[in-house]
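Q: Next comes the structure file upload_19.txt, holding compact mmCIF, C-alpha atoms.
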```txt
# COMPACT_ATOMS: atom_id res chain seq x y z
CA MET A 100 -40.17 14.10 -2.69
CA SER A 101 -37.98 12.70 0.01
CA TYR A 102 -35.54 9.91 -0.60
CA ARG A 103 -33.64 8.21 2.15
CA SER A 104 -30.92 5.62 1.72
CA ASN A 105 -30.45 3.34 4.70
CA ALA A 106 -27.36 1.77 3.18
CA ASP A 107 -24.83 4.62 3.32
CA LEU A 108 -22.71 3.24 6.16
CA GLY A 109 -19.15 4.50 5.61
CA GLY A 110 -17.74 6.03 8.79
CA SER A 111 -20.89 5.42 10.82
CA GLN A 112 -20.82 4.14 14.39
CA GLU A 113 -20.92 0.37 14.17
CA HIS A 114 -19.64 -1.59 17.09
CA GLY A 115 -20.46 -5.08 15.92
CA ALA A 116 -17.68 -7.54 15.31
CA ILE A 117 -16.63 -8.56 11.84
CA ILE A 118 -17.31 -12.28 11.67
CA GLN A 119 -14.82 -14.03 9.44
CA GLU A 120 -15.91 -16.70 7.04
CA PRO A 121 -13.96 -19.43 5.26
CA GLU A 122 -13.68 -19.40 1.49
CA GLY A 123 -16.44 -21.42 -0.11
CA GLU A 124 -18.98 -20.78 2.64
CA LEU A 125 -21.43 -18.95 0.42
CA PHE A 126 -24.90 -19.45 1.85
CA HIS A 127 -26.37 -19.89 5.32
CA ALA A 128 -29.88 -21.05 4.49
CA PRO A 129 -31.29 -23.08 1.59
CA TRP A 130 -33.42 -20.16 0.35
CA GLU A 131 -30.43 -17.82 -0.07
CA PRO A 132 -29.09 -19.28 -3.34
CA ARG A 133 -32.66 -19.25 -4.69
CA VAL A 134 -32.93 -15.51 -3.98
CA LEU A 135 -29.57 -14.92 -5.62
CA ALA A 136 -30.62 -16.82 -8.75
CA LEU A 137 -34.10 -15.27 -8.91
CA THR A 138 -32.61 -11.79 -8.61
CA LEU A 139 -30.07 -12.41 -11.38
CA ALA A 140 -32.65 -14.04 -13.64
CA MET A 141 -35.19 -11.26 -13.13
CA THR A 142 -32.58 -8.54 -13.69
CA ALA A 143 -31.73 -10.29 -16.96
CA THR A 144 -35.31 -9.81 -18.20
CA GLY A 145 -34.54 -6.10 -18.56
CA LEU A 146 -37.63 -5.03 -16.58
CA TRP A 147 -35.28 -3.00 -14.39
CA ASN A 148 -31.57 -2.23 -14.19
CA LEU A 149 -28.85 -2.64 -11.57
CA ASP A 150 -29.24 0.89 -10.24
CA MET A 151 -32.98 0.39 -9.75
CA ASN A 152 -32.08 -2.77 -7.85
CA ARG A 153 -29.79 -0.80 -5.56
CA ALA A 154 -32.35 1.94 -5.06
CA ALA A 155 -35.00 -0.63 -4.13
CA ARG A 156 -32.67 -2.20 -1.58
CA GLU A 157 -31.29 0.91 0.07
CA THR A 158 -34.74 2.46 0.60
CA LEU A 159 -36.16 -0.53 2.49
CA VAL A 160 -37.26 1.01 5.79
CA ASN A 161 -36.09 -2.04 7.75
CA TYR A 162 -32.80 -2.35 5.82
CA ARG A 163 -30.71 -2.37 8.97
CA GLU A 164 -32.66 -5.22 10.54
CA LEU A 165 -32.42 -7.55 7.57
CA SER A 166 -29.71 -10.00 6.55
CA TYR A 167 -28.24 -9.39 3.13
CA TYR A 168 -30.29 -11.94 1.22
CA GLU A 169 -33.41 -10.81 3.09
CA ILE A 170 -32.65 -7.35 1.66
CA TRP A 171 -32.34 -8.83 -1.81
CA LEU A 172 -35.61 -10.73 -1.39
CA ALA A 173 -37.56 -7.72 -0.09
CA ALA A 174 -36.22 -5.53 -2.92
CA LEU A 175 -37.07 -8.20 -5.49
CA GLU A 176 -40.65 -8.38 -4.19
CA LYS A 177 -40.87 -4.58 -4.25
CA LEU A 178 -39.64 -4.37 -7.87
CA LEU A 179 -41.95 -7.18 -8.98
CA THR A 180 -44.90 -5.40 -7.39
CA ASP A 181 -43.94 -2.02 -8.88
CA CYS A 182 -43.65 -3.58 -12.34
CA GLY A 183 -46.99 -5.35 -11.99
CA VAL A 184 -45.40 -8.75 -12.53
CA LEU A 185 -47.37 -10.36 -9.72
CA GLN A 186 -50.71 -9.22 -11.10
CA GLU A 187 -53.11 -11.69 -12.64
CA SER A 188 -52.90 -10.01 -16.06
CA ALA A 189 -49.11 -9.77 -16.26
CA THR A 190 -47.62 -10.96 -19.53
CA PRO A 191 -44.15 -12.54 -19.73
CA PRO A 192 -41.28 -10.20 -20.59
CA PRO A 193 -39.81 -10.18 -24.10
CA ARG A 194 -36.56 -11.52 -22.69
CA VAL A 195 -36.29 -14.59 -20.46
CA LEU A 196 -32.94 -15.93 -19.32
CA ARG A 197 -32.69 -19.50 -20.60
CA ALA A 198 -30.34 -22.00 -18.98
CA GLU A 199 -28.20 -22.37 -22.08
CA LEU A 200 -27.57 -18.59 -22.14
CA VAL A 201 -26.49 -18.23 -18.51
CA ALA A 202 -22.76 -18.74 -19.08
CA ALA A 203 -22.70 -16.29 -22.00
CA MET A 204 -24.77 -13.71 -20.12
CA LEU A 205 -22.45 -13.82 -17.10
CA ALA A 206 -19.30 -13.74 -19.25
CA ARG A 207 -20.58 -10.72 -21.14
CA GLY A 208 -21.82 -8.85 -18.08
CA THR A 209 -23.20 -5.36 -18.48
CA PRO A 210 -20.47 -2.97 -19.57
CA PHE A 211 -21.17 0.53 -18.24
CA GLU A 212 -18.69 2.49 -20.35
CA ARG A 213 -20.02 4.66 -23.18
CA ALA A 214 -18.40 6.74 -25.92
CA PRO A 215 -17.56 10.27 -24.73
CA ALA A 216 -19.67 13.04 -26.20
CA ARG A 217 -17.37 15.77 -24.90
CA ALA A 218 -14.01 16.21 -23.20
CA ALA A 219 -13.49 15.48 -19.52
CA ARG A 220 -13.77 18.54 -17.30
CA PHE A 221 -11.07 17.35 -14.89
CA ALA A 222 -7.60 15.89 -15.33
CA LEU A 223 -5.22 13.83 -13.20
CA GLY A 224 -4.04 15.78 -10.18
CA ASP A 225 -6.89 18.32 -10.21
CA ARG A 226 -8.26 19.25 -6.82
CA VAL A 227 -12.01 18.92 -6.61
CA ARG A 228 -14.72 19.49 -4.04
CA MET A 229 -17.51 16.94 -3.78
CA ARG A 230 -21.06 18.23 -3.85
CA ALA A 231 -22.31 18.93 -0.38
CA ASP A 232 -26.05 18.58 -0.85
CA GLN A 233 -28.01 15.42 -0.30
CA PRO A 234 -30.01 14.79 -3.48
CA ALA A 235 -33.58 13.52 -3.19
CA HIS A 236 -32.87 10.43 -5.27
CA HIS A 237 -30.52 7.47 -5.52
CA THR A 238 -26.90 8.58 -5.64
CA ARG A 239 -23.47 6.99 -5.25
CA LEU A 240 -21.70 9.79 -3.46
CA PRO A 241 -21.22 8.52 0.07
CA GLY A 242 -22.22 10.86 2.89
CA TYR A 243 -18.74 10.91 4.41
CA ALA A 244 -17.27 12.46 1.24
CA ARG A 245 -19.88 15.21 0.71
CA GLY A 246 -18.35 18.69 0.64
CA LYS A 247 -14.83 17.26 1.00
CA ILE A 248 -11.81 18.12 -1.11
CA GLY A 249 -9.77 15.46 -2.86
CA ALA A 250 -7.59 14.94 -5.91
CA VAL A 251 -8.31 13.18 -9.20
CA THR A 252 -6.12 10.06 -9.35
CA ARG A 253 -7.78 8.21 -12.23
CA VAL A 254 -9.99 9.08 -15.18
CA HIS A 255 -12.03 6.00 -16.02
CA GLY A 256 -13.88 7.17 -19.11
CA VAL A 257 -17.57 7.88 -19.53
CA HIS A 258 -19.91 5.61 -17.58
CA VAL A 259 -23.66 5.19 -17.19
CA PHE A 260 -24.77 7.67 -14.50
CA ALA A 261 -26.28 5.81 -11.55
CA ASP A 262 -28.35 8.78 -10.38
CA THR A 263 -30.46 8.98 -13.54
CA ASN A 264 -30.34 5.29 -14.42
CA ALA A 265 -31.87 4.39 -11.06
CA SER A 266 -34.97 6.48 -11.62
CA GLY A 267 -35.64 5.49 -15.21
CA GLN A 268 -34.41 8.81 -16.61
CA GLY A 269 -31.89 7.08 -18.80
CA GLU A 270 -28.17 6.43 -18.81
CA CYS A 271 -27.03 10.08 -19.19
CA PRO A 272 -23.38 8.89 -19.33
CA GLN A 273 -20.86 11.04 -17.43
CA TRP A 274 -17.11 11.09 -16.98
CA LEU A 275 -16.10 8.93 -14.05
CA TYR A 276 -13.07 9.67 -11.86
CA THR A 277 -11.33 8.22 -8.84
CA ILE A 278 -11.00 10.89 -6.18
CA ALA A 279 -8.51 10.35 -3.35
CA PHE A 280 -8.88 11.98 0.07
CA ASP A 281 -6.39 12.25 2.85
CA GLU A 282 -7.79 10.75 6.04
CA HIS A 283 -7.68 14.12 7.84
CA GLU A 284 -9.96 15.72 5.28
CA LEU A 285 -12.62 13.11 6.01
CA TRP A 286 -12.17 12.26 9.66
CA GLY A 287 -10.40 15.26 11.19
CA ASP A 288 -6.93 16.03 12.47
CA ASP A 289 -6.93 13.27 15.07
CA SER A 290 -7.18 10.48 12.54
CA ALA A 291 -3.93 8.52 12.75
CA GLN A 292 -4.36 5.65 10.34
CA ARG A 293 -1.87 6.79 7.72
CA SER A 294 -4.54 6.22 5.12
CA THR A 295 -5.90 7.52 1.85
CA ILE A 296 -9.53 6.90 0.98
CA SER A 297 -10.65 6.83 -2.65
CA VAL A 298 -14.13 6.89 -4.13
CA ASP A 299 -15.28 6.68 -7.73
CA ALA A 300 -17.33 9.74 -8.61
CA TRP A 301 -19.17 10.95 -11.72
CA GLU A 302 -18.50 14.47 -12.98
CA PRO A 303 -21.79 15.98 -11.71
CA TYR A 304 -20.63 15.17 -8.16
CA LEU A 305 -17.57 17.42 -8.54
CA GLU A 306 -16.67 21.07 -8.74
CA PRO A 307 -13.20 22.64 -9.01
CA ALA A 308 -11.56 23.35 -5.64
CA MET B 50 -28.36 -4.66 8.78
CA ARG B 51 -27.63 -7.73 10.79
CA ASP B 52 -24.06 -8.81 10.85
CA GLY B 53 -23.92 -12.36 9.59
CA ASP B 54 -26.80 -14.64 9.98
CA HIS B 55 -25.47 -17.67 11.72
CA GLU B 56 -27.62 -17.74 14.81
CA HIS B 57 -30.66 -16.80 12.83
CA ASP B 58 -30.08 -19.66 10.39
CA ALA B 59 -29.61 -22.27 13.05
CA GLU B 60 -33.03 -21.22 14.20
CA HIS B 61 -34.43 -21.63 10.73
CA GLN B 62 -32.84 -24.93 10.04
CA ALA B 63 -34.30 -26.32 13.25
CA SER B 64 -37.77 -26.37 11.74
CA GLU B 65 -38.27 -28.30 8.53
CA VAL B 66 -39.22 -25.37 6.32
CA SER B 67 -38.75 -21.79 7.47
CA PRO B 68 -41.17 -18.96 6.67
CA LEU B 69 -38.49 -17.41 4.46
CA GLN B 70 -38.07 -20.67 2.61
CA LEU B 71 -41.83 -20.75 1.98
CA ARG B 72 -41.86 -17.13 0.88
CA VAL B 73 -39.04 -17.70 -1.62
CA ARG B 74 -40.57 -20.94 -2.87
CA ALA B 75 -43.90 -19.18 -3.49
CA LEU B 76 -42.18 -16.41 -5.42
CA GLU B 77 -40.22 -18.90 -7.49
CA THR B 78 -43.39 -20.83 -8.31
CA VAL B 79 -45.28 -17.72 -9.44
CA LEU B 80 -42.40 -16.45 -11.58
CA THR B 81 -41.92 -19.85 -13.18
CA GLN B 82 -45.63 -20.30 -13.91
CA LYS B 83 -45.85 -16.84 -15.45
CA GLY B 84 -42.89 -17.63 -17.66
CA TYR B 85 -40.51 -15.03 -16.21
CA VAL B 86 -37.86 -17.49 -15.12
CA ASP B 87 -36.55 -20.74 -16.49
CA PRO B 88 -36.00 -23.09 -13.51
CA LYS B 89 -33.00 -24.63 -15.26
CA ALA B 90 -31.45 -21.17 -15.56
CA LEU B 91 -31.76 -20.77 -11.78
CA GLU B 92 -29.89 -24.04 -11.30
CA ALA B 93 -27.22 -22.94 -13.77
CA LEU B 94 -26.76 -19.62 -11.96
CA ILE B 95 -26.39 -21.26 -8.57
CA ASP B 96 -24.06 -23.92 -9.94
CA THR B 97 -21.88 -21.25 -11.53
CA TYR B 98 -21.30 -19.28 -8.34
CA GLN B 99 -21.01 -22.39 -6.20
CA TRP B 100 -18.43 -24.15 -8.34
CA LYS B 101 -17.14 -22.13 -11.28
CA ILE B 102 -16.68 -18.48 -10.40
CA GLY B 103 -14.85 -17.93 -7.13
CA PRO B 104 -11.62 -16.65 -5.58
CA ARG B 105 -9.53 -19.33 -7.28
CA ASN B 106 -9.99 -17.25 -10.45
CA GLY B 107 -8.39 -14.24 -8.80
CA ALA B 108 -5.66 -16.40 -7.28
CA ARG B 109 -4.66 -17.46 -10.79
CA VAL B 110 -4.45 -13.83 -11.86
CA VAL B 111 -2.27 -12.94 -8.89
CA ALA B 112 0.00 -15.97 -9.29
CA ARG B 113 0.49 -15.15 -12.96
CA SER B 114 1.42 -11.58 -12.04
CA TRP B 115 4.01 -12.91 -9.59
CA CYS B 116 5.62 -15.08 -12.28
CA ASP B 117 5.31 -12.93 -15.36
CA LEU B 118 6.49 -9.32 -15.17
CA GLU B 119 4.97 -8.46 -18.52
CA PHE B 120 1.57 -9.72 -17.32
CA ARG B 121 1.97 -7.82 -14.08
CA ARG B 122 2.56 -4.57 -15.97
CA TRP B 123 -0.48 -5.26 -18.15
CA LEU B 124 -2.61 -6.08 -15.11
CA LEU B 125 -1.73 -2.81 -13.40
CA GLU B 126 -2.31 -0.84 -16.59
CA ASP B 127 -5.43 -2.52 -17.98
CA ALA B 128 -6.74 -5.06 -15.50
CA THR B 129 -9.94 -5.81 -17.42
CA ALA B 130 -8.00 -6.95 -20.51
CA ALA B 131 -5.25 -8.75 -18.60
CA ILE B 132 -7.78 -10.67 -16.51
CA ALA B 133 -9.90 -11.48 -19.57
CA SER B 134 -6.81 -13.03 -21.19
CA LEU B 135 -7.02 -15.74 -18.49
CA GLY B 136 -10.68 -16.32 -19.31
CA PHE B 137 -12.30 -14.29 -16.52
CA SER B 138 -14.70 -11.54 -17.48
CA GLY B 139 -18.23 -10.31 -17.22
CA ARG B 140 -20.75 -9.69 -14.51
CA GLN B 141 -19.40 -7.50 -11.70
CA GLY B 142 -15.98 -7.47 -13.32
CA GLU B 143 -16.72 -5.42 -16.43
CA HIS B 144 -14.34 -2.63 -15.39
CA MET B 145 -11.45 -3.95 -13.31
CA VAL B 146 -8.62 -2.11 -11.62
CA ALA B 147 -5.77 -4.01 -9.96
CA VAL B 148 -4.02 -2.30 -7.05
CA GLU B 149 -0.65 -3.53 -5.96
CA ASN B 150 0.63 -3.91 -2.42
CA THR B 151 4.24 -2.85 -1.95
CA GLU B 152 6.63 -2.42 0.93
CA ASP B 153 5.10 1.02 1.53
CA VAL B 154 1.46 0.63 0.52
CA HIS B 155 -1.31 -1.76 1.55
CA ASN B 156 -4.63 -1.74 -0.31
CA LEU B 157 -8.06 -2.48 1.15
CA VAL B 158 -11.33 -2.74 -0.79
CA VAL B 159 -14.81 -1.98 0.52
CA CYS B 160 -18.24 -0.92 -0.71
CA THR B 161 -19.75 1.38 1.89
CA LEU B 162 -22.98 1.88 -0.09
CA CYS B 163 -23.93 -1.74 -0.78
CA SER B 164 -21.77 -4.77 -1.52
CA CYS B 165 -19.98 -4.14 -4.83
CA TYR B 166 -17.34 -6.81 -5.27
CA PRO B 167 -15.36 -8.20 -8.21
CA TRP B 168 -17.49 -11.31 -8.83
CA ALA B 169 -15.63 -12.29 -12.01
CA VAL B 170 -12.42 -12.91 -10.07
CA LEU B 171 -13.58 -13.48 -6.48
CA GLY B 172 -17.08 -14.90 -6.82
CA LEU B 173 -19.74 -13.96 -4.28
CA PRO B 174 -18.68 -11.70 -1.41
CA PRO B 175 -18.31 -13.17 2.07
CA THR B 176 -20.99 -12.19 4.59
CA TRP B 177 -18.68 -9.87 6.53
CA TYR B 178 -17.89 -7.86 3.39
CA LYS B 179 -21.61 -7.06 3.10
CA SER B 180 -22.04 -6.44 6.84
CA ALA B 181 -22.57 -3.05 8.47
CA PRO B 182 -19.48 -3.21 10.74
CA TYR B 183 -17.05 -3.80 7.87
CA ARG B 184 -18.66 -1.21 5.60
CA ALA B 185 -18.78 1.37 8.40
CA ARG B 186 -15.26 0.86 9.71
CA ALA B 187 -13.06 -0.03 6.75
CA VAL B 188 -12.92 3.59 5.57
CA LYS B 189 -12.38 5.14 9.00
CA ASP B 190 -10.51 2.58 11.09
CA PRO B 191 -8.72 0.33 8.59
CA ARG B 192 -5.96 -0.60 11.05
CA GLY B 193 -8.54 -1.71 13.60
CA VAL B 194 -10.31 -3.78 10.96
CA LEU B 195 -7.05 -5.34 9.78
CA ARG B 196 -6.09 -6.18 13.35
CA GLU B 197 -9.35 -8.12 13.68
CA PHE B 198 -8.24 -10.13 10.68
CA GLY B 199 -4.89 -10.72 12.32
CA VAL B 200 -3.02 -8.32 10.07
CA GLU B 201 -0.73 -5.87 11.85
CA LEU B 202 0.97 -3.49 9.45
CA PRO B 203 4.06 -1.45 10.30
CA GLU B 204 3.43 2.24 10.99
CA SER B 205 5.42 3.09 7.90
CA VAL B 206 2.94 1.39 5.57
CA ARG B 207 0.31 3.68 4.10
CA ILE B 208 -3.17 2.18 3.69
CA GLN B 209 -5.10 2.91 0.52
CA ILE B 210 -8.80 2.24 0.80
CA TRP B 211 -10.90 1.82 -2.33
CA ASP B 212 -14.60 2.45 -1.82
CA SER B 213 -16.35 0.80 -4.80
CA THR B 214 -18.95 3.51 -5.38
CA ALA B 215 -19.39 3.07 -9.16
CA GLU B 216 -19.03 0.07 -11.50
CA VAL B 217 -15.26 -0.16 -11.23
CA ARG B 218 -14.20 -3.26 -9.29
CA TYR B 219 -10.91 -3.53 -7.43
CA LEU B 220 -8.59 -6.50 -7.07
CA VAL B 221 -5.74 -6.28 -4.59
CA VAL B 222 -2.48 -7.81 -5.81
CA PRO B 223 -0.77 -8.93 -2.60
CA ARG B 224 3.01 -9.15 -2.27
CA ARG B 225 4.60 -12.44 -3.17
CA PRO B 226 5.67 -14.23 0.03
CA ALA B 227 9.39 -14.65 0.63
CA GLY B 228 10.96 -18.03 -0.02
CA THR B 229 8.70 -18.94 -2.94
CA GLN B 230 11.21 -18.72 -5.80
CA HIS B 231 11.03 -22.48 -6.34
CA LEU B 232 7.24 -22.69 -6.54
CA SER B 233 5.26 -23.20 -9.72
CA GLU B 234 2.50 -20.82 -10.72
CA SER B 235 -0.20 -23.22 -9.52
CA ASP B 236 1.58 -23.74 -6.18
CA LEU B 237 1.76 -19.98 -5.83
CA ALA B 238 -1.96 -19.63 -6.58
CA ALA B 239 -2.66 -21.93 -3.63
CA LEU B 240 -1.02 -19.35 -1.34
CA VAL B 241 -3.32 -16.55 -2.53
CA THR B 242 -6.31 -16.31 -0.21
CA ARG B 243 -9.57 -14.56 -0.96
CA ASP B 244 -8.97 -12.12 1.90
CA SER B 245 -5.51 -11.24 0.54
CA MET B 246 -7.20 -10.08 -2.67
CA ILE B 247 -9.67 -7.89 -0.73
CA GLY B 248 -6.85 -6.58 1.43
CA THR B 249 -8.03 -7.96 4.77
CA GLY B 250 -5.44 -10.72 4.68
CA LEU B 251 -1.98 -11.62 3.47
CA PRO B 252 -1.04 -14.62 1.32
CA ARG B 253 -0.18 -17.86 3.10
CA ALA B 254 3.45 -18.62 3.80
CA PRO B 255 4.85 -21.55 1.80
CA MET B 256 4.93 -24.92 3.58
```
Would you put the structure from the file into structure tokens?

A:
Amino acid sequence: MSYRSNADLGGSQEHGAIIQEPEGELFHAPWEPRVLALTLAMTATGLWNLDMNRAARETLVNYRELSYYEIWLAALEKLLTDCGVLQESATPPPRVLRAELVAAMLARGTPFERAPARAARFALGDRVRMRADQPAHHTRLPGYARGKIGAVTRVHGVHVFADTNASGQGECPQWLYTIAFDEHELWGDDSAQRSTISVDAWEPYLEPA
Amino acid sequence: MRDGDHEHDAEHQASEVSPLQLRVRALETVLTQKGYVDPKALEALIDTYQWKIGPRNGARVVARSWCDLEFRRWLLEDATAAIASLGFSGRQGEHMVAVENTEDVHNLVVCTLCSCYPWAVLGLPPTWYKSAPYRARAVKDPRGVLREFGVELPESVRIQIWDSTAEVRYLVVPRRPAGTQHLSESDLAALVTRDSMIGTGLPRAPM
């Protein structure tokens, strides 16, 4: 099975300008807030999770041609179709987000941390190499960091694993770390930004270096 | 992905109802009729992100950290708890980390894989944060990106870029501007811009 994310953009050639936007300018068409609200309300039904949302968005074949809320809309339609919600016979979900529960739902959020079942494999300061292969499923290891060596700078605890959660294989919680890379490791010796780039990475992405 | 949508929208707004508007309206109607969404919940969600949850939340956190050393220490050690103590928590802010700018270090936040952003303290991300050029370049050419935002950092300052690839969300704590000793916490909060908490800007200078 092939899986292709069209959303992994870090370090890619993009020449477009960054168009600044004043604070408070949130939407650019009247349908955009509707898509935002529909997406949040449908995610709250529990028919799918956040990682499935991301997978649906990043695999849209025309991802790069769409505006951000068009991406959200197309992914929402795709998920609704996949779940059979738009069919004649569809029955309402057990959980519907009611107006009076919105504030509480947003304030609670969806915590992703879980109790550790075993000790962390890596500790602060450890040097690690990121997996080099491109898995055939949703993943959160950006292409620019694959195969690169960095150092553990934070241990966040055990978090829901995006890779399995996105495909319905369950949360499979894993230790989550921040890995810091020197710019030269990622972009070569000519890079002269005086920068460090950090990513958050689950344990299965890492091996000792 | 198209960068911004301004031209496109002008086009849409010219006609009374755009095809996208119709498409979204149809979807909303079906989902409401089938009992999947409560229309009042949609209004509540929009109202929340339009008026209640936005960068003024984060500005309060930063201003507090400028005034209260104990809070600042807490924020840098356990941002989720420190931020929650001011009443900000939840969706897209469940696991917060605050990163502090200093004389030697400037922090910049990005999500190269989608648009992860600390909603609980900054609200919805600006269009440029979600755009391909920012996501592509922030990790590789941060100085070029900052220059576009009018921020020129001395050579001596190291840039730390935080790519939000999991569910940890980053809040930049900018440096307190000089000459603000006399200002109250709420006056200080007014100097804290959204961009200064993403790292693409600096706080305003006092009047």

Q: Point out the residue among A:Arg217, A:Arg197, A:Arg133, A:His237 with the least atom-to-atom distance to Asn105 of chain A, counting all atoms listed in the file.

A: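 Answer, going by the shortest atom-to-atom distance: A:His237.
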
Q: Tell me, counting all atoms listed in the file, for each residue of chain B within 6 Å of chain A, which pair of atoms is nearest and how far apart they are in Å to one decimal, in rows ordered by chain and increasing number, as a Markdown table.

A:
```
| residue | atom | partner | partner_atom | distance |
| --- | --- | --- | --- | --- |
| B:Met50 | CA | A:Arg163 | CA | 3.3 |
| B:Arg51 | CA | A:Ser166 | CA | 5.2 |
| B:Gln70 | CA | A:Trp130 | CA | 5.2 |
| B:Gly84 | CA | A:Pro191 | CA | 5.6 |
| B:Tyr85 | CA | A:Pro191 | CA | 5.6 |
| B:Asp87 | CA | A:Arg197 | CA | 5.8 |
| B:Lys89 | CA | A:Ala198 | CA | 5.3 |
| B:Ala90 | CA | A:Ala198 | CA | 3.7 |
| B:Leu91 | CA | A:Ala136 | CA | 5.1 |
| B:Leu94 | CA | A:Ala136 | CA | 5.7 |
| B:Ser138 | CA | A:Ala206 | CA | 5.4 |
| B:Gly139 | CA | A:Gly208 | CA | 4.0 |
| B:Arg140 | CA | A:Gly208 | CA | 3.8 |
| B:Glu143 | CA | A:Pro210 | CA | 5.5 |
| B:Thr161 | CA | A:Gly109 | CA | 4.9 |
| B:Leu162 | CA | A:Asp107 | CA | 4.7 |
| B:Trp177 | CA | A:Ile118 | CA | 5.8 |
| B:Pro182 | CA | A:Glu113 | CA | 5.2 |
| B:Arg184 | CA | A:Gly109 | CA | 5.7 |
| B:Ala185 | CA | A:Gly109 | CA | 4.2 |
| B:Arg186 | CA | A:Gly110 | CA | 5.8 |
| B:Lys189 | CA | A:Gly110 | CA | 5.4 |
| B:Arg207 | CA | A:Arg293 | CA | 5.2 |
| B:Ile208 | CA | A:Ser294 | CA | 4.5 |
| B:Gln209 | CA | A:Thr295 | CA | 4.9 |
| B:Ile210 | CA | A:Ile296 | CA | 4.7 |
| B:Trp211 | CA | A:Ser297 | CA | 5.0 |
| B:Asp212 | CA | A:Val298 | CA | 5.0 |
| B:Thr214 | CA | A:Asp299 | CA | 5.4 |
| B:Ala215 | CA | A:Asp299 | CA | 5.7 |
```

Q: Quote the spacing between atom CA of Trp171 of chain A and atom CA of Glu302 of chain A in Å to one decimal place.

A: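 These atoms are spaced 29.3 Å apart.
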
Q: So how far away is atom CA of Gly249 of chain A from atom CA of Arg230 of chain A, in Å?

A: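 Spanning atom CA of Arg230 of chain A to atom CA of Gly249 of chain A is a straight-line distance of 11.7 Å.
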
Q: Between atom CA of Thr242 of chain B and atom CA of Pro255 of chain B, what is the distance in Å, rounded to a tenth?

A: 12.5 Å

Q: Select, counting only C-alpha atoms, all protein, DNA and RNA residues no farther than 10 Å from (-36.7, 8.4, 0.7) in file coordinates, and express the selection as a list in words.

A: Met100, Ser101, Tyr102, Arg103, Ser104, Asn105, Ala154, Glu157, Thr158, Leu159, Val160, Ala235, His236 and His237 of chain A

Q: For Lys83 of chain B, which residue among A:Gln186, A:Lys247, A:Leu149, A:Ala265 is the nearest when counting only C-alpha atoms?

A: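 That would be A:Gln186, the residue with the smallest distance to Lys83 of chain B.
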
Q: Using only C-alpha atoms and a cutoff of 10 Å, can you tell me which residues are near (-5.4, -11.8, -2.3) in the file's coordinates, and write them out as a list in words?

A: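 Counting only C-alpha atoms, I find these residues within 10 Å of (-5.4, -11.8, -2.3): Pro104, Arg105, Gly107, Ala108, Val110, Val111, Ala112, Asn150, Leu171, Leu220, Val221, Val222, Pro223, Arg224, Ala238, Leu240, Val241, Thr242, Arg243, Asp244, Ser245, Met246, Ile247, Gly248, Thr249, Gly250, Leu251, Pro252 and Arg253 of chain B.
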
Q: Between B:Met145, B:Met256, B:Ala75, B:Val170, which residue has the minimum interatomic distance to Ser213 of chain B, considering only C-alpha atoms?

A: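 Going through B:Met145, B:Met256, B:Ala75, B:Val170 one by one, the smallest distance to Ser213 of chain B is for B:Met145.
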